[in-house]
>>> print(open('coords37.txt').read())   # compact mmCIF, C-alpha atoms
# COMPACT_ATOMS: atom_id res chain seq x y z
CA MET L 1 0.00 0.00 0.00
CA ASN L 2 1.19 3.54 -0.60
CA HIS L 3 0.84 6.19 2.10
CA VAL L 4 -2.40 7.70 0.81
CA GLU L 5 -4.03 4.27 0.34
CA ARG L 6 -2.95 3.20 3.82
CA PHE L 7 -4.32 6.31 5.52
CA SER L 8 -7.62 6.12 3.63
CA ALA L 9 -8.14 2.44 4.36
CA LEU L 10 -7.35 2.84 8.05
CA MET L 11 -9.74 5.76 8.41
CA HIS L 12 -12.46 3.56 6.91
CA PHE L 13 -11.67 0.83 9.48
CA GLN L 14 -10.29 -1.48 6.82
CA GLU L 15 -7.33 -3.80 7.32
CA VAL L 16 -3.97 -2.32 6.32
CA ASP L 17 -0.46 -3.69 5.83
CA ARG L 18 0.67 -1.58 8.78
CA LEU L 19 -0.38 1.56 10.61
CA PRO L 20 1.07 4.92 9.53
CA MET L 21 4.22 5.95 11.41
CA ILE L 22 3.95 9.66 12.11
CA GLU L 23 4.75 12.35 14.62
CA TRP L 24 1.90 14.70 13.87
CA ALA L 25 3.30 17.76 15.71
CA GLY L 26 6.58 19.54 15.17
CA PHE L 27 9.50 18.98 17.53
CA TRP L 28 10.31 21.33 20.39
CA GLY L 29 13.39 23.43 19.72
CA LEU L 30 14.87 22.25 23.02
CA THR L 31 14.38 18.64 21.93
CA THR L 32 16.17 19.01 18.61
CA ASP L 33 18.89 21.13 20.26
CA ARG L 34 19.59 18.20 22.56
CA TRP L 35 19.55 15.69 19.72
CA ARG L 36 22.07 17.74 17.75
CA GLU L 37 24.38 17.63 20.74
CA GLU L 38 23.89 13.84 20.71
CA GLY L 39 24.70 13.41 17.03
CA LEU L 40 21.70 14.49 14.93
CA ASP L 41 22.92 16.13 11.72
CA ALA L 42 23.02 19.86 12.42
CA SER L 43 22.17 20.64 8.80
CA LEU L 44 18.69 19.14 9.21
CA GLN L 45 16.25 22.00 9.64
CA GLY L 46 12.49 21.82 10.08
CA ALA L 47 10.35 19.10 11.60
CA GLU L 48 9.43 17.58 8.24
CA ASN L 49 13.08 17.05 7.26
CA ILE L 50 13.93 15.62 10.67
CA ARG L 51 10.98 13.22 10.51
CA ALA L 52 12.07 12.03 7.07
CA HIS L 53 15.66 11.53 8.25
CA LEU L 54 14.44 9.44 11.18
CA GLY L 55 12.31 7.22 8.97
CA LEU L 56 8.80 8.49 9.70
CA ASP L 57 6.16 8.53 6.97
CA PRO L 58 5.87 11.60 4.72
CA TYR L 59 2.97 13.71 5.98
CA SER L 60 2.75 17.43 5.13
CA GLN L 61 0.64 19.97 6.99
CA PHE L 62 -0.56 23.32 5.64
CA TRP L 63 -1.94 25.62 8.35
CA MET L 64 -4.03 28.42 6.88
CA ALA L 65 -4.52 30.83 9.76
CA PRO L 66 -5.74 34.40 9.45
CA GLY L 67 -3.13 37.10 9.88
CA SER L 68 -0.24 38.69 8.04
CA ALA L 69 2.95 40.63 8.70
CA GLU L 70 0.81 43.74 9.18
CA THR L 71 -1.44 42.21 11.85
CA PRO L 72 -0.64 43.48 15.37
CA LYS L 73 1.21 41.00 17.57
CA PRO L 74 0.43 40.25 21.22
CA THR L 75 2.91 41.49 23.80
CA HIS L 76 3.05 38.06 25.43
CA HIS L 77 1.38 34.67 25.17
CA GLY L 78 -2.35 34.95 25.78
CA SER L 79 -2.48 38.75 25.88
CA GLY L 80 -4.57 39.31 22.76
CA ILE L 81 -4.45 42.10 20.19
CA LEU L 82 -7.83 43.86 20.53
CA LYS L 83 -10.36 45.06 23.09
CA SER L 84 -13.20 46.42 20.98
CA GLU L 85 -14.98 46.17 17.65
CA ALA L 86 -13.20 49.34 16.58
CA ASP L 87 -9.88 47.53 17.09
CA TYR L 88 -11.18 44.64 14.96
CA ASP L 89 -12.27 47.04 12.23
CA ALA L 90 -8.81 48.64 12.23
CA MET L 91 -6.99 45.36 11.65
CA TYR L 92 -9.60 43.59 9.52
CA ASP L 93 -7.82 44.09 6.19
CA THR L 94 -4.64 42.53 7.59
CA LEU L 95 -6.35 39.37 8.81
CA TYR L 96 -8.04 37.58 5.94
CA VAL L 97 -5.34 37.59 3.28
CA GLY L 98 -4.58 33.88 2.72
CA ARG L 99 -1.37 32.41 1.36
CA ASP L 100 0.10 31.25 -1.94
CA PHE L 101 0.72 27.68 -3.12
CA ASP L 102 3.15 28.20 -5.98
CA SER L 103 6.47 27.48 -4.28
CA ASP L 104 8.76 24.65 -5.36
CA TYR L 105 7.92 22.91 -2.08
CA CYS L 106 4.18 23.08 -2.85
CA LYS L 107 4.75 21.71 -6.34
CA ARG L 108 6.76 18.79 -4.95
CA VAL L 109 4.14 17.98 -2.30
CA LYS L 110 1.36 18.14 -4.90
CA ALA L 111 3.18 15.68 -7.17
CA GLU L 112 4.04 13.26 -4.35
CA ASN L 113 0.47 13.33 -3.07
CA ALA L 114 -0.88 12.60 -6.56
CA ALA L 115 1.43 9.58 -6.69
CA GLY L 116 0.21 8.37 -3.29
CA GLU L 117 3.63 8.92 -1.71
CA ARG L 118 2.74 11.76 0.67
CA VAL L 119 -0.32 12.35 2.85
CA VAL L 120 -1.46 15.97 2.96
CA TRP L 121 -3.46 17.58 5.72
CA ILE L 122 -4.65 21.10 6.28
CA SER L 123 -5.37 23.03 9.45
CA PHE L 124 -7.77 25.90 10.09
CA ASN L 125 -8.12 28.08 13.14
CA GLY L 126 -11.31 27.05 14.92
CA PHE L 127 -14.19 29.06 16.29
CA PHE L 128 -12.93 28.86 19.87
CA TRP L 129 -9.25 29.24 19.04
CA ASN L 130 -9.40 32.20 16.67
CA PRO L 131 -11.37 34.65 18.87
CA ARG L 132 -9.00 33.75 21.71
CA THR L 133 -6.00 34.81 19.61
CA LEU L 134 -7.71 38.16 19.07
CA PHE L 135 -9.21 38.85 22.50
CA GLY L 136 -6.54 37.08 24.54
CA ILE L 137 -7.27 34.23 26.92
CA GLU L 138 -9.06 36.16 29.67
CA GLY L 139 -10.75 38.63 27.35
CA HIS L 140 -12.07 35.80 25.21
CA LEU L 141 -13.84 34.08 28.09
CA PHE L 142 -15.49 37.35 29.12
CA ALA L 143 -16.42 38.12 25.49
CA PHE L 144 -18.98 35.29 25.39
CA TYR L 145 -21.02 37.47 27.75
CA ASP L 146 -19.69 41.01 27.19
CA ASP L 147 -19.24 41.01 23.38
CA PRO L 148 -21.47 38.29 21.92
CA GLU L 149 -22.17 40.13 18.66
CA LEU L 150 -18.50 40.73 18.02
CA MET L 151 -17.80 37.08 18.77
CA HIS L 152 -20.38 36.04 16.19
CA ARG L 153 -19.00 38.53 13.66
CA MET L 154 -15.48 37.13 14.12
CA ASN L 155 -16.69 33.60 13.57
CA ARG L 156 -18.77 34.53 10.52
CA ASP L 157 -15.66 36.14 9.03
CA LEU L 158 -13.53 33.14 9.96
CA LEU L 159 -16.03 30.73 8.38
CA GLU L 160 -15.96 32.71 5.13
CA PHE L 161 -12.15 32.77 5.16
CA ASN L 162 -11.83 29.05 5.91
CA LEU L 163 -14.26 28.12 3.13
CA HIS L 164 -12.40 30.37 0.70
CA MET L 165 -9.04 28.82 1.62
CA LEU L 166 -10.51 25.32 1.37
CA ASP L 167 -11.61 26.01 -2.20
CA ARG L 168 -8.26 27.53 -3.11
CA PHE L 169 -6.26 24.68 -1.62
CA CYS L 170 -8.31 22.00 -3.35
CA ASP L 171 -8.14 23.86 -6.67
CA GLU L 172 -4.46 24.82 -6.57
CA MET L 173 -2.88 21.98 -4.57
CA CYS L 174 -4.92 18.83 -3.96
CA VAL L 175 -7.82 17.47 -1.96
CA PRO L 176 -6.13 16.73 1.38
CA GLN L 177 -6.62 13.38 3.07
CA PHE L 178 -7.61 14.95 6.38
CA MET L 179 -7.72 18.20 8.25
CA THR L 180 -7.62 19.55 11.79
CA ILE L 181 -9.60 22.40 13.27
CA ALA L 182 -7.33 23.97 15.89
CA GLU L 183 -9.25 24.64 19.09
CA ASP L 184 -7.51 23.67 22.36
CA MET L 185 -10.80 24.11 24.19
CA SER L 186 -10.25 21.56 26.95
CA TYR L 187 -7.88 21.36 29.89
CA ASN L 188 -7.20 18.47 32.23
CA HIS L 189 -10.66 18.72 33.84
CA GLY L 190 -12.66 18.97 30.63
CA PRO L 191 -14.01 21.65 28.28
CA MET L 192 -13.38 25.34 28.96
CA LEU L 193 -16.88 26.28 27.85
CA SER L 194 -20.36 24.91 28.40
CA LYS L 195 -22.45 22.94 25.94
CA GLU L 196 -24.79 25.94 25.76
CA LEU L 197 -21.96 28.27 24.70
CA PHE L 198 -20.70 25.69 22.21
CA ASP L 199 -24.16 25.42 20.66
CA GLU L 200 -24.61 29.19 20.44
CA PHE L 201 -21.16 30.40 19.39
CA LEU L 202 -19.40 27.50 17.67
CA ALA L 203 -21.89 24.98 16.29
CA PRO L 204 -23.50 27.33 13.72
CA TYR L 205 -20.07 27.83 12.09
CA TYR L 206 -18.87 24.25 12.44
CA ARG L 207 -21.80 22.82 10.52
CA PRO L 208 -21.26 24.54 7.15
CA LEU L 209 -17.47 24.13 7.35
CA VAL L 210 -17.65 20.44 8.19
CA LYS L 211 -20.29 19.91 5.50
CA ALA L 212 -18.00 21.44 2.86
CA LEU L 213 -15.05 19.35 4.04
CA ARG L 214 -16.92 16.05 4.12
CA GLU L 215 -18.48 16.68 0.71
CA ARG L 216 -14.91 16.61 -0.64
CA GLY L 217 -14.11 13.38 1.20
CA ILE L 218 -11.75 15.06 3.69
CA ARG L 219 -11.66 13.42 7.13
CA VAL L 220 -12.41 16.04 9.77
CA PHE L 221 -10.50 16.15 13.08
CA VAL L 222 -10.44 18.65 15.90
CA ASP L 223 -7.13 19.44 17.61
CA SER L 224 -7.66 19.99 21.32
CA ASP L 225 -5.44 19.32 24.29
CA GLY L 226 -6.73 18.25 27.69
CA ASP L 227 -9.56 15.91 28.61
CA VAL L 228 -11.53 15.79 25.37
CA GLU L 229 -13.82 12.87 26.13
CA PRO L 230 -16.77 15.11 27.18
CA LEU L 231 -16.37 17.07 23.91
CA ILE L 232 -16.82 14.10 21.61
CA PRO L 233 -20.65 14.02 21.62
CA TRP L 234 -20.74 17.78 20.96
CA LEU L 235 -18.38 17.42 18.02
CA LYS L 236 -20.23 14.47 16.56
CA GLU L 237 -23.42 16.55 16.53
CA VAL L 238 -21.78 19.02 14.11
CA GLY L 239 -20.25 16.31 11.91
CA VAL L 240 -16.66 16.13 13.18
CA GLU L 241 -15.21 12.63 12.76
CA GLY L 242 -12.15 12.49 15.03
CA ILE L 243 -9.78 14.19 17.43
CA LEU L 244 -6.13 14.49 18.40
CA PRO L 245 -3.80 14.40 20.38
CA LEU L 246 -5.58 12.47 23.20
CA GLU L 247 -3.27 13.44 26.07
CA ARG L 248 -2.73 10.67 28.59
CA MET L 249 -1.69 13.16 31.29
CA ALA L 250 -5.22 14.60 31.10
CA GLY L 251 -6.67 11.16 31.77
CA VAL L 252 -7.82 10.43 28.23
CA ASP L 253 -8.49 6.72 27.73
CA VAL L 254 -8.62 5.66 24.06
CA ALA L 255 -9.96 2.24 24.95
CA ASN L 256 -12.93 3.87 26.65
CA ILE L 257 -13.44 6.21 23.69
CA ARG L 258 -13.49 3.23 21.33
CA ARG L 259 -16.08 1.45 23.48
CA GLU L 260 -18.29 4.54 23.66
CA HIS L 261 -17.72 5.71 20.08
CA PRO L 262 -16.87 2.77 17.79
CA ASP L 263 -16.67 4.91 14.64
CA TRP L 264 -14.61 7.77 16.10
CA LEU L 265 -11.24 8.53 14.48
CA MET L 266 -8.18 9.15 16.66
CA ILE L 267 -4.55 10.24 16.30
CA GLY L 268 -2.10 10.45 19.19
CA ALA L 269 -2.58 8.93 22.67
CA TYR L 270 1.01 7.69 23.17
CA ASP L 271 2.06 9.00 26.60
CA LYS L 272 5.08 11.23 25.98
CA ILE L 273 6.05 11.06 29.65
CA VAL L 274 7.23 7.44 29.38
CA MET L 275 9.54 8.02 26.41
CA LYS L 276 12.48 9.17 28.53
CA ASP L 277 12.42 5.90 30.48
CA GLY L 278 13.63 3.72 27.63
CA PRO L 279 12.53 0.60 25.76
CA GLU L 280 10.71 -1.35 28.48
CA ALA L 281 8.51 1.56 29.51
CA GLN L 282 7.96 2.42 25.86
CA ARG L 283 6.96 -1.15 25.06
CA ALA L 284 4.48 -1.19 27.95
CA GLU L 285 2.82 1.93 26.58
CA PHE L 286 2.47 0.34 23.15
CA GLU L 287 0.96 -2.73 24.79
CA ARG L 288 -1.62 -0.47 26.47
CA LEU L 289 -2.60 0.98 23.11
CA LEU L 290 -2.38 -2.18 20.97
CA PRO L 291 -5.96 -3.44 21.49
CA THR L 292 -7.33 -0.09 20.33
CA MET L 293 -4.84 0.06 17.46
CA GLN L 294 -6.26 -3.24 16.20
CA THR L 295 -9.81 -1.87 16.04
CA GLY L 296 -8.95 0.51 13.17
CA GLY L 297 -9.47 4.24 12.80
CA PHE L 298 -6.54 5.05 15.11
CA ILE L 299 -2.97 6.18 14.45
CA PRO L 300 -0.77 6.01 17.58
CA SER L 301 1.52 9.01 17.87
CA VAL L 302 3.18 11.07 20.60
CA ASP L 303 0.32 12.74 22.46
CA HIS L 304 1.66 16.21 21.82
CA GLN L 305 5.34 16.85 21.15
CA THR L 306 8.36 14.76 22.12
CA PRO L 307 9.75 16.55 25.20
CA PRO L 308 13.41 17.54 25.60
CA ASP L 309 14.04 14.98 28.35
CA VAL L 310 13.96 12.27 25.65
CA SER L 311 17.43 11.42 24.40
CA LEU L 312 18.08 10.70 20.75
CA THR L 313 18.90 7.10 21.72
CA HIS L 314 15.58 6.69 23.48
CA TYR L 315 13.73 8.31 20.60
CA ARG L 316 15.31 5.84 18.21
CA SER L 317 14.21 2.97 20.47
CA TYR L 318 10.69 4.44 20.42
CA LEU L 319 10.80 4.46 16.60
CA GLN L 320 11.92 0.82 16.47
CA LEU L 321 9.00 -0.15 18.67
CA LEU L 322 6.63 2.05 16.68
CA GLU L 323 7.60 0.14 13.53
CA ALA L 324 6.98 -3.21 15.19
CA TYR L 325 3.65 -2.22 16.71
CA ALA L 326 2.52 -0.48 13.51
CA ALA L 327 2.77 -3.89 11.84
CA ARG L 328 0.88 -5.60 14.67
CA GLY L 329 -1.72 -2.82 14.80
CA GLY L 330 -2.56 -3.25 11.13
CA ARG L 331 -3.97 -6.70 11.85
CA ARG L 332 -7.55 -6.40 13.03
CA ALA L 333 -8.37 -7.97 16.38
>>> encode(input="coords37.txt", output="structure tokens")
Amino acid sequence: MNHVERFSALMHFQEVDRLPMIEWAGFWGLTTDRWREEGLDASLQGAENIRAHLGLDPYSQFWMAPGSAETPKPTHHGSGILKSEADYDAMYDTLYVGRDFDSDYCKRVKAENAAGERVVWISFNGFFWNPRTLFGIEGHLFAFYDDPELMHRMNRDLLEFNLHMLDRFCDEMCVPQFMTIAEDMSYNHGPMLSKELFDEFLAPYYRPLVKALRERGIRVFVDSDGDVEPLIPWLKEVGVEGILPLERMAGVDVANIRREHPDWLMIGAYDKIVMKDGPEAQRAEFERLLPTMQTGGFIPSVDHQTPPDVSLTHYRSYLQLLEAYAARGGRRA
């Protein structure tokens, strides 16, 4: 099977020759700094090149977020860039500008995808995530009550932008195999908003976006950290098909998700905390996941990013085990 065939079959719960071998997120700078000190070729730059060098499958992500060089920048993480509708009006023309797909890299990815040798996925800012980048973390949570009309306006604009970029990407590049809607709307005790707020402020914009994605055959995931299990029924109501990264530290249990939601798609779930402890701990974690791997619809991958306490030697041992368990996971239970 080629990479595109393998991904498609797995996401339809069909038997595959092996599971995909991916690290869906980029590497921390501190992690790759350590690995270079331990022998990783210093000329390797960028997560995609490092993944290829280490033998992971070729997956390419295109994140199409609003914003440009002219958009104001927050002073620190979570601080936001506006406080009023007038501020939004002032920066509006800098936000929804898109990106081009005519680089040599884009041409190479397009050709490899057409040949089945590279899986392509796209990412959009979601309807919780994007207002938070504008309001800031605290301001965003107050805005559900203090600025509901502005919140709706932002999400109407974001929906229009996302649909426009979806059309452009499919016309100029390819129809991607899957996509993620970036949200991060849970923490380790569950969602950061109520079902009522989700239904009022997010669901009306999810439905048309997800409809357009699924009409093209694109598998639709949400990207949210934390305990996402309570979110799954909400997301299924608006047509979302899967989620990542399924953080073990937040108590996420993929076996329980599979029991409760047999058709739900999943990527991630491998507890990054055990990776530093070497092969035996790593093997035990794969054994925990193996029964769910063998049910289909699930790609095991580091449940966020490989942390810098993982040596290059231990990462290579993780990759050897990943290869072995990818073969075992392709055989249906």
>>> closest_residue(input="coords37.txt", among="L:Ser317, L:Gln294, L:Gln45, L:Thr31", to="Asp17 in chain L", atoms="all atoms listed in the file")
L:Gln294
>>> closest_residue(input="coords37.txt", among="L:Leu197, L:Cys106, L:Val16, L:Asn162", to="Tyr145 in chain L", atoms="only C-alpha atoms")
L:Leu197
>>> residues_around(input="coords37.txt", residues="range 295-303 of chain L", least_positions_apart="5", cutoff="6 Å", atoms="all atoms listed in the file", output="VMD selection string")
chain L and resid 10 to 11 13 23 245 to 247 265 to 272 332
>>> atom_distance(input="coords37.txt", atom1="CA of Glu85 in chain L", atom2="CA of Ser186 in chain L")
26.7 Å
>>> closest_residue(input="coords37.txt", among="L:Arg214, L:Lys73, L:Lys276, L:Lys110", to="Thr306 in chain L", atoms="all atoms listed in the file")
L:Lys276
>>> residues_around(input="coords37.txt", residues="Ser8 in chain L", least_positions_apart="3", cutoff="12 Å", atoms="all atoms listed in the file", output="CSV table (one decimal) with C-alpha atoms, keeping the file's coordinate frame")
chain,number,residue,atom,x,y,z
L,1,MET,CA,0.0,0.0,0.0
L,2,ASN,CA,1.2,3.5,-0.6
L,3,HIS,CA,0.8,6.2,2.1
L,4,VAL,CA,-2.4,7.7,0.8
L,5,GLU,CA,-4.0,4.3,0.3
L,11,MET,CA,-9.7,5.8,8.4
L,12,HIS,CA,-12.5,3.6,6.9
L,13,PHE,CA,-11.7,0.8,9.5
L,14,GLN,CA,-10.3,-1.5,6.8
L,15,GLU,CA,-7.3,-3.8,7.3
L,16,VAL,CA,-4.0,-2.3,6.3
L,19,LEU,CA,-0.4,1.6,10.6
L,20,PRO,CA,1.1,4.9,9.5
L,116,GLY,CA,0.2,8.4,-3.3
L,119,VAL,CA,-0.3,12.4,2.8
L,120,VAL,CA,-1.5,16.0,3.0
L,176,PRO,CA,-6.1,16.7,1.4
L,177,GLN,CA,-6.6,13.4,3.1
L,178,PHE,CA,-7.6,15.0,6.4
L,217,GLY,CA,-14.1,13.4,1.2
L,218,ILE,CA,-11.8,15.1,3.7
L,219,ARG,CA,-11.7,13.4,7.1
L,265,LEU,CA,-11.2,8.5,14.5
L,296,GLY,CA,-9.0,0.5,13.2
L,297,GLY,CA,-9.5,4.2,12.8
L,298,PHE,CA,-6.5,5.0,15.1
L,299,ILE,CA,-3.0,6.2,14.4
>>> residues_around(input="coords37.txt", residues="Tyr88 in chain L", least_positions_apart="3", cutoff="12 Å", atoms="only C-alpha atoms", output="number ranges by chain")
L: 71-72, 80-85, 91-96, 131, 134-135, 150-151, 153-154, 157
>>> write_last_selection(input="coords37.txt", atoms="C-alpha atoms", output="short mmCIF file (atom, residue, chain, number, x, y, z; two decimals), keeping the file's coordinate frame")
data_model
loop_
_atom_site.label_atom_id
_atom_site.label_comp_id
_atom_site.auth_asym_id
_atom_site.auth_seq_id
_atom_site.Cartn_x
_atom_site.Cartn_y
_atom_site.Cartn_z
CA THR L 71 -1.44 42.21 11.85
CA PRO L 72 -0.64 43.48 15.37
CA GLY L 80 -4.57 39.31 22.76
CA ILE L 81 -4.45 42.10 20.19
CA LEU L 82 -7.83 43.86 20.53
CA LYS L 83 -10.36 45.06 23.09
CA SER L 84 -13.20 46.42 20.98
CA GLU L 85 -14.98 46.17 17.65
CA MET L 91 -6.99 45.36 11.65
CA TYR L 92 -9.60 43.59 9.52
CA ASP L 93 -7.82 44.09 6.19
CA THR L 94 -4.64 42.53 7.59
CA LEU L 95 -6.35 39.37 8.81
CA TYR L 96 -8.04 37.58 5.94
CA PRO L 131 -11.37 34.65 18.87
CA LEU L 134 -7.71 38.16 19.07
CA PHE L 135 -9.21 38.85 22.50
CA LEU L 150 -18.50 40.73 18.02
CA MET L 151 -17.80 37.08 18.77
CA ARG L 153 -19.00 38.53 13.66
CA MET L 154 -15.48 37.13 14.12
CA ASP L 157 -15.66 36.14 9.03
#
>>> closest_residue(input="coords37.txt", among="L:Asn256, L:Ser60, L:Ser311, L:Thr133", to="Leu289 in chain L", atoms="all atoms listed in the file")
L:Asn256
>>> atom_distance(input="coords37.txt", atom1="CA of Gly251 in chain L", atom2="CA of Asn188 in chain L")
7.3 Å
>>> atom_distance(input="coords37.txt", atom1="CA of Glu287 in chain L", atom2="CA of Tyr315 in chain L")
17.4 Å
>>> residues_near_point(input="coords37.txt", point="(12.9, 7.9, 26.4)", cutoff="9 Å", atoms="all atoms listed in the file", output="PyMOL selection string")
chain L and resi 272-279+281-282+309-318
>>> decode(input="coords37.txt", residues="range 55-73 of chain L", atoms="N, CA and C atoms", output="mmCIF file, in the first residue's frame")
data_model
loop_
_atom_site.group_PDB
_atom_site.id
_atom_site.type_symbol
_atom_site.label_atom_id
_atom_site.label_comp_id
_atom_site.auth_asym_id
_atom_site.auth_seq_id
_atom_site.Cartn_x
_atom_site.Cartn_y
_atom_site.Cartn_z
ATOM 1 N N GLY L 55 13.027 8.355 9.522
ATOM 2 C CA GLY L 55 12.309 7.224 8.966
ATOM 3 C C GLY L 55 10.803 7.251 9.143
ATOM 4 N N LEU L 56 10.245 8.388 9.566
ATOM 5 C CA LEU L 56 8.801 8.494 9.703
ATOM 6 C C LEU L 56 8.151 8.715 8.335
ATOM 7 N N ASP L 57 6.876 8.417 8.245
ATOM 8 C CA ASP L 57 6.161 8.531 6.973
ATOM 9 C C ASP L 57 6.037 9.995 6.541
ATOM 10 N N PRO L 58 5.968 10.228 5.226
ATOM 11 C CA PRO L 58 5.870 11.603 4.720
ATOM 12 C C PRO L 58 4.445 12.147 4.807
ATOM 13 N N TYR L 59 4.234 12.994 5.783
ATOM 14 C CA TYR L 59 2.967 13.707 5.977
ATOM 15 C C TYR L 59 3.287 15.198 5.966
ATOM 16 N N SER L 60 2.521 15.986 5.216
ATOM 17 C CA SER L 60 2.753 17.428 5.126
ATOM 18 C C SER L 60 1.510 18.184 5.570
ATOM 19 N N GLN L 61 1.723 19.146 6.460
ATOM 20 C CA GLN L 61 0.636 19.966 6.991
ATOM 21 C C GLN L 61 0.709 21.383 6.420
ATOM 22 N N PHE L 62 -0.450 21.925 6.070
ATOM 23 C CA PHE L 62 -0.565 23.316 5.644
ATOM 24 C C PHE L 62 -1.578 23.998 6.572
ATOM 25 N N TRP L 63 -1.076 24.913 7.404
ATOM 26 C CA TRP L 63 -1.941 25.623 8.352
ATOM 27 C C TRP L 63 -2.281 26.972 7.746
ATOM 28 N N MET L 64 -3.569 27.194 7.533
ATOM 29 C CA MET L 64 -4.031 28.424 6.885
ATOM 30 C C MET L 64 -4.760 29.287 7.896
ATOM 31 N N ALA L 65 -3.977 29.980 8.711
ATOM 32 C CA ALA L 65 -4.521 30.829 9.761
ATOM 33 C C ALA L 65 -4.659 32.262 9.276
ATOM 34 N N PRO L 66 -5.672 32.978 9.752
ATOM 35 C CA PRO L 66 -5.740 34.400 9.452
ATOM 36 C C PRO L 66 -4.531 35.139 10.008
ATOM 37 N N GLY L 67 -4.236 36.273 9.395
ATOM 38 C CA GLY L 67 -3.130 37.096 9.878
ATOM 39 C C GLY L 67 -2.071 37.292 8.819
ATOM 40 N N SER L 68 -1.305 38.345 8.976
ATOM 41 C CA SER L 68 -0.244 38.692 8.044
ATOM 42 C C SER L 68 0.830 39.457 8.797
ATOM 43 N N ALA L 69 1.862 39.863 8.073
ATOM 44 C CA ALA L 69 2.946 40.628 8.699
ATOM 45 C C ALA L 69 2.444 41.942 9.268
ATOM 46 N N GLU L 70 1.327 42.451 8.722
ATOM 47 C CA GLU L 70 0.805 43.742 9.176
ATOM 48 C C GLU L 70 -0.138 43.611 10.375
ATOM 49 N N THR L 71 -0.536 42.402 10.711
ATOM 50 C CA THR L 71 -1.440 42.205 11.846
ATOM 51 C C THR L 71 -0.704 42.494 13.153
ATOM 52 N N PRO L 72 -1.303 43.249 14.076
ATOM 53 C CA PRO L 72 -0.642 43.482 15.374
ATOM 54 C C PRO L 72 -0.304 42.177 16.071
ATOM 55 N N LYS L 73 0.762 42.193 16.838
ATOM 56 C CA LYS L 73 1.213 41.002 17.567
ATOM 57 C C LYS L 73 0.970 41.192 19.066
#
